[in-house]
file work38.pdb (PDB, C-alpha atoms)
ATOM      1  CA  MET A   1     107.667 128.007 221.589
ATOM      2  CA  LYS A   2     104.898 125.812 222.958
ATOM      3  CA  ILE A   3     105.431 127.080 226.517
ATOM      4  CA  LYS A   4     105.250 130.666 225.267
ATOM      5  CA  GLN A   5     101.929 129.934 223.543
ATOM      6  CA  ILE A   6     100.522 128.331 226.693
ATOM      7  CA  LEU A   7     101.597 131.277 228.853
ATOM      8  CA  GLN A   8     100.163 133.827 226.421
ATOM      9  CA  GLY A   9      96.838 132.001 226.587
ATOM     10  CA  LEU A  10      96.460 132.771 230.294
ATOM     11  CA  SER A  11      94.382 135.696 231.540
ATOM     12  CA  PHE A  12      95.502 139.239 232.342
ATOM     13  CA  LYS A  13      94.751 138.716 236.038
ATOM     14  CA  THR A  14      96.942 135.604 236.131
ATOM     15  CA  GLY A  15      99.770 137.564 234.503
ATOM     16  CA  VAL A  16      99.524 140.315 237.118
ATOM     17  CA  ILE A  17      99.578 137.761 239.953
ATOM     18  CA  VAL A  18     102.588 135.927 238.503
ATOM     19  CA  LEU A  19     104.395 139.220 237.913
ATOM     20  CA  ALA A  20     103.675 140.333 241.493
ATOM     21  CA  LEU A  21     105.157 137.091 242.845
ATOM     22  CA  CYS A  22     108.609 138.177 241.699
ATOM     23  CA  ILE A  23     108.687 140.918 244.365
ATOM     24  CA  PRO A  24     108.825 138.624 247.436
ATOM     25  CA  PHE A  25     111.483 136.476 245.782
ATOM     26  CA  TYR A  26     113.669 139.515 245.058
ATOM     27  CA  ILE A  27     113.304 140.576 248.695
ATOM     28  CA  ILE A  28     114.108 137.089 249.984
ATOM     29  CA  SER A  29     117.098 136.738 247.656
ATOM     30  CA  PHE A  30     118.792 139.758 249.205
ATOM     31  CA  ALA A  31     117.386 139.535 252.752
ATOM     32  CA  GLN A  32     118.861 136.069 253.264
ATOM     33  CA  MET A  33     122.318 137.678 253.152
ATOM     34  CA  ALA A  34     121.719 138.823 256.731
ATOM     35  CA  LEU A  35     121.345 135.242 257.976
ATOM     36  CA  PRO A  36     124.216 133.769 260.006
ATOM     37  CA  ILE A  37     125.064 130.988 257.512
ATOM     38  CA  SER A  38     128.095 130.137 255.404
ATOM     39  CA  ALA A  39     128.988 132.129 252.321
ATOM     40  CA  GLU A  40     128.482 129.076 250.114
ATOM     41  CA  MET A  41     124.952 128.583 251.419
ATOM     42  CA  LYS A  42     124.200 132.280 250.949
ATOM     43  CA  GLY A  43     125.343 131.988 247.353
ATOM     44  CA  VAL A  44     123.162 128.961 246.727
ATOM     45  CA  LEU A  45     120.126 130.595 248.343
ATOM     46  CA  TRP A  46     120.698 133.791 246.372
ATOM     47  CA  LEU A  47     120.939 131.836 243.126
ATOM     48  CA  VAL A  48     117.715 129.917 243.858
ATOM     49  CA  PHE A  49     115.611 132.872 245.009
ATOM     50  CA  PHE A  50     116.969 135.314 242.417
ATOM     51  CA  GLY A  51     116.352 132.690 239.745
ATOM     52  CA  LEU A  52     112.773 132.245 240.950
ATOM     53  CA  ALA A  53     112.265 136.012 240.930
ATOM     54  CA  LYS A  54     113.498 136.268 237.339
ATOM     55  CA  THR A  55     111.377 133.277 236.313
ATOM     56  CA  PHE A  56     108.227 134.861 237.754
ATOM     57  CA  GLN A  57     109.135 138.222 236.246
ATOM     58  CA  TYR A  58     109.634 136.943 232.709
ATOM     59  CA  GLY A  59     106.737 134.500 233.020
ATOM     60  CA  GLY A  60     104.412 137.294 234.100
ATOM     61  CA  LEU A  61     105.593 139.558 231.298
ATOM     62  CA  THR A  62     105.067 136.750 228.793
ATOM     63  CA  ILE A  63     101.529 136.183 230.052
ATOM     64  CA  LEU A  64     100.732 139.893 229.940
ATOM     65  CA  GLY A  65     102.289 140.590 226.566
ATOM     66  CA  VAL A  66     102.740 144.086 225.183
ATOM     67  CA  ASP A  67      99.062 145.030 225.348
ATOM     68  CA  GLY A  68      98.710 143.755 228.916
ATOM     69  CA  TRP A  69     101.823 145.674 229.986
ATOM     70  CA  LYS A  70     100.393 148.877 228.520
ATOM     71  CA  ARG A  71      97.087 148.162 230.277
ATOM     72  CA  LEU A  72      98.862 147.631 233.614
ATOM     73  CA  LYS A  73     100.888 150.862 233.227
ATOM     74  CA  ALA A  74      97.710 152.777 232.351
ATOM     75  CA  SER A  75      96.043 151.381 235.464
ATOM     76  CA  PHE A  76      98.845 152.682 237.680
ATOM     77  CA  ALA A  77      98.832 156.057 235.946
ATOM     78  CA  LYS A  78      95.078 156.315 236.443
ATOM     79  CA  LYS A  79      95.445 155.519 240.156
ATOM     80  CA  LYS A  80      98.151 158.153 240.495
ATOM     81  CA  GLU A  81      95.928 160.814 238.909
ATOM     82  CA  THR A  82      93.047 160.147 241.331
ATOM     83  CA  GLU A  83      95.294 160.639 244.358
TER      84      GLU A  83
END
call {"tool": "encode", "arguments": {"input": "work38.pdb", "output": "structure tokens"}}
result
Amino acid sequence: MKIKQILQGLSFKTGVIVLALCIPFYIISFAQMALPISAEMKGVLWLVFFGLAKTFQYGGLTILGVDGWKRLKASFAKKKETE
């Protein structure tokens, strides 16, 4: 519970940055499958990068919280309306 309290104490901007960091790790976790390496190594790399992606995703969502998530969704909806 202490980690959750520390994460929730961080700013909205930090939460957005941490949440955005999950995207490159998701891409890397699947893109590495195209590398000419052994299947065991691909599995290990997928586990590491997919795990990092999930860690950043849940960490970012914890930092944002429910109100921050609603604020972020409203920001994207507002951008979409102006286009």
call {"tool": "closest_residue", "arguments": {"input": "work38.pdb", "among": "A:Leu72, A:Leu21, A:Met33, A:Met1", "to": "Ala53 (chain A)", "atoms": "all atoms listed in the file"}}
result
A:Leu21
call {"tool": "atom_distance", "arguments": {"input": "work38.pdb", "atom1": "CA of Leu45 (chain A)", "atom2": "CA of Tyr26 (chain A)"}}
result
11.5 Å
call {"tool": "closest_residue", "arguments": {"input": "work38.pdb", "among": "A:Gly51, A:Ala20, A:Gly15, A:Ile3", "to": "Val66 (chain A)", "atoms": "only C-alpha atoms"}}
result
A:Gly15
call {"tool": "residues_around", "arguments": {"input": "work38.pdb", "residues": "Gln32 (chain A)", "least_positions_apart": "2", "cutoff": "10 Å", "atoms": "all atoms listed in the file", "output": "JSON, numbers by chain"}}
result
{"A": [27, 28, 29, 30, 34, 35, 36, 37, 41, 42, 43, 45, 46, 49]}
call {"tool": "resolve_selection", "arguments": {"input": "work38.pdb", "expression": "the PyMOL selection byres ((chain A and resi 58) around 12)", "output": "ChimeraX atom specification"}}
result
/A:4,7-8,15-16,18-22,51-57,59-65
call {"tool": "closest_residue", "arguments": {"input": "work38.pdb", "among": "A:Trp69, A:Val48, A:Phe76, A:Ser38", "to": "Lys13 (chain A)", "atoms": "all atoms listed in the file"}}
result
A:Trp69
call {"tool": "closest_residue", "arguments": {"input": "work38.pdb", "among": "A:Thr82, A:Phe50, A:Thr14, A:Gly9", "to": "Ala31 (chain A)", "atoms": "all atoms listed in the file"}}
result
A:Phe50
call {"tool": "atom_distance", "arguments": {"input": "work38.pdb", "atom1": "CA of Lys70 (chain A)", "atom2": "CA of Leu10 (chain A)"}}
result
16.7 Å
call {"tool": "closest_residue", "arguments": {"input": "work38.pdb", "among": "A:Asp67, A:Ile6, A:Ala77, A:Phe25", "to": "Leu47 (chain A)", "atoms": "only C-alpha atoms"}}
result
A:Phe25
call {"tool": "atom_distance", "arguments": {"input": "work38.pdb", "atom1": "CA of Glu81 (chain A)", "atom2": "CA of Phe12 (chain A)"}}
result
22.6 Å
call {"tool": "build_atoms", "arguments": {"input": "work38.pdb", "residues": "region 56-71 of chain A", "atoms": "N, CA, C and O atoms", "output": "PDB file, keeping the file's coordinate frame"}}
result
ATOM      1  N   PHE A  56     109.555 134.271 237.599  1.00  0.00           N
ATOM      2  CA  PHE A  56     108.227 134.861 237.754  1.00  0.00           C
ATOM      3  C   PHE A  56     108.110 136.174 236.983  1.00  0.00           C
ATOM      4  O   PHE A  56     107.071 136.478 236.408  1.00  0.00           O
ATOM      5  N   GLN A  57     109.167 136.956 236.963  1.00  0.00           N
ATOM      6  CA  GLN A  57     109.135 138.222 236.246  1.00  0.00           C
ATOM      7  C   GLN A  57     108.923 137.998 234.749  1.00  0.00           C
ATOM      8  O   GLN A  57     108.020 138.571 234.150  1.00  0.00           O
ATOM      9  N   TYR A  58     109.748 137.170 234.145  1.00  0.00           N
ATOM     10  CA  TYR A  58     109.634 136.943 232.709  1.00  0.00           C
ATOM     11  C   TYR A  58     108.386 136.144 232.365  1.00  0.00           C
ATOM     12  O   TYR A  58     107.787 136.357 231.308  1.00  0.00           O
ATOM     13  N   GLY A  59     107.979 135.236 233.243  1.00  0.00           N
ATOM     14  CA  GLY A  59     106.737 134.500 233.020  1.00  0.00           C
ATOM     15  C   GLY A  59     105.542 135.431 233.040  1.00  0.00           C
ATOM     16  O   GLY A  59     104.656 135.356 232.177  1.00  0.00           O
ATOM     17  N   GLY A  60     105.506 136.332 234.015  1.00  0.00           N
ATOM     18  CA  GLY A  60     104.412 137.294 234.100  1.00  0.00           C
ATOM     19  C   GLY A  60     104.374 138.227 232.911  1.00  0.00           C
ATOM     20  O   GLY A  60     103.306 138.525 232.371  1.00  0.00           O
ATOM     21  N   LEU A  61     105.540 138.682 232.472  1.00  0.00           N
ATOM     22  CA  LEU A  61     105.593 139.558 231.298  1.00  0.00           C
ATOM     23  C   LEU A  61     105.173 138.821 230.029  1.00  0.00           C
ATOM     24  O   LEU A  61     104.528 139.397 229.159  1.00  0.00           O
ATOM     25  N   THR A  62     105.492 137.542 229.950  1.00  0.00           N
ATOM     26  CA  THR A  62     105.067 136.750 228.793  1.00  0.00           C
ATOM     27  C   THR A  62     103.564 136.570 228.787  1.00  0.00           C
ATOM     28  O   THR A  62     102.919 136.655 227.749  1.00  0.00           O
ATOM     29  N   ILE A  63     102.983 136.336 229.954  1.00  0.00           N
ATOM     30  CA  ILE A  63     101.529 136.183 230.052  1.00  0.00           C
ATOM     31  C   ILE A  63     100.839 137.492 229.690  1.00  0.00           C
ATOM     32  O   ILE A  63      99.863 137.511 228.945  1.00  0.00           O
ATOM     33  N   LEU A  64     101.357 138.597 230.207  1.00  0.00           N
ATOM     34  CA  LEU A  64     100.732 139.893 229.940  1.00  0.00           C
ATOM     35  C   LEU A  64     100.873 140.299 228.477  1.00  0.00           C
ATOM     36  O   LEU A  64      99.929 140.807 227.876  1.00  0.00           O
ATOM     37  N   GLY A  65     102.042 140.139 227.929  1.00  0.00           N
ATOM     38  CA  GLY A  65     102.289 140.590 226.566  1.00  0.00           C
ATOM     39  C   GLY A  65     102.394 142.102 226.526  1.00  0.00           C
ATOM     40  O   GLY A  65     102.299 142.794 227.548  1.00  0.00           O
ATOM     41  N   VAL A  66     102.570 142.644 225.358  1.00  0.00           N
ATOM     42  CA  VAL A  66     102.740 144.086 225.183  1.00  0.00           C
ATOM     43  C   VAL A  66     101.465 144.836 225.550  1.00  0.00           C
ATOM     44  O   VAL A  66     101.502 145.832 226.272  1.00  0.00           O
ATOM     45  N   ASP A  67     100.326 144.347 225.068  1.00  0.00           N
ATOM     46  CA  ASP A  67      99.062 145.030 225.348  1.00  0.00           C
ATOM     47  C   ASP A  67      98.717 144.988 226.831  1.00  0.00           C
ATOM     48  O   ASP A  67      98.244 145.972 227.402  1.00  0.00           O
ATOM     49  N   GLY A  68      98.978 143.864 227.479  1.00  0.00           N
ATOM     50  CA  GLY A  68      98.710 143.755 228.916  1.00  0.00           C
ATOM     51  C   GLY A  68      99.617 144.666 229.726  1.00  0.00           C
ATOM     52  O   GLY A  68      99.206 145.240 230.731  1.00  0.00           O
ATOM     53  N   TRP A  69     100.880 144.798 229.292  1.00  0.00           N
ATOM     54  CA  TRP A  69     101.823 145.674 229.986  1.00  0.00           C
ATOM     55  C   TRP A  69     101.366 147.123 229.877  1.00  0.00           C
ATOM     56  O   TRP A  69     101.402 147.863 230.852  1.00  0.00           O
ATOM     57  N   LYS A  70     100.906 147.516 228.693  1.00  0.00           N
ATOM     58  CA  LYS A  70     100.393 148.877 228.520  1.00  0.00           C
ATOM     59  C   LYS A  70      99.154 149.096 229.381  1.00  0.00           C
ATOM     60  O   LYS A  70      98.982 150.160 229.977  1.00  0.00           O
ATOM     61  N   ARG A  71      98.298 148.083 229.451  1.00  0.00           N
ATOM     62  CA  ARG A  71      97.087 148.162 230.277  1.00  0.00           C
ATOM     63  C   ARG A  71      97.436 148.309 231.753  1.00  0.00           C
ATOM     64  O   ARG A  71      96.826 149.097 232.479  1.00  0.00           O
TER      65      ARG A  71
END
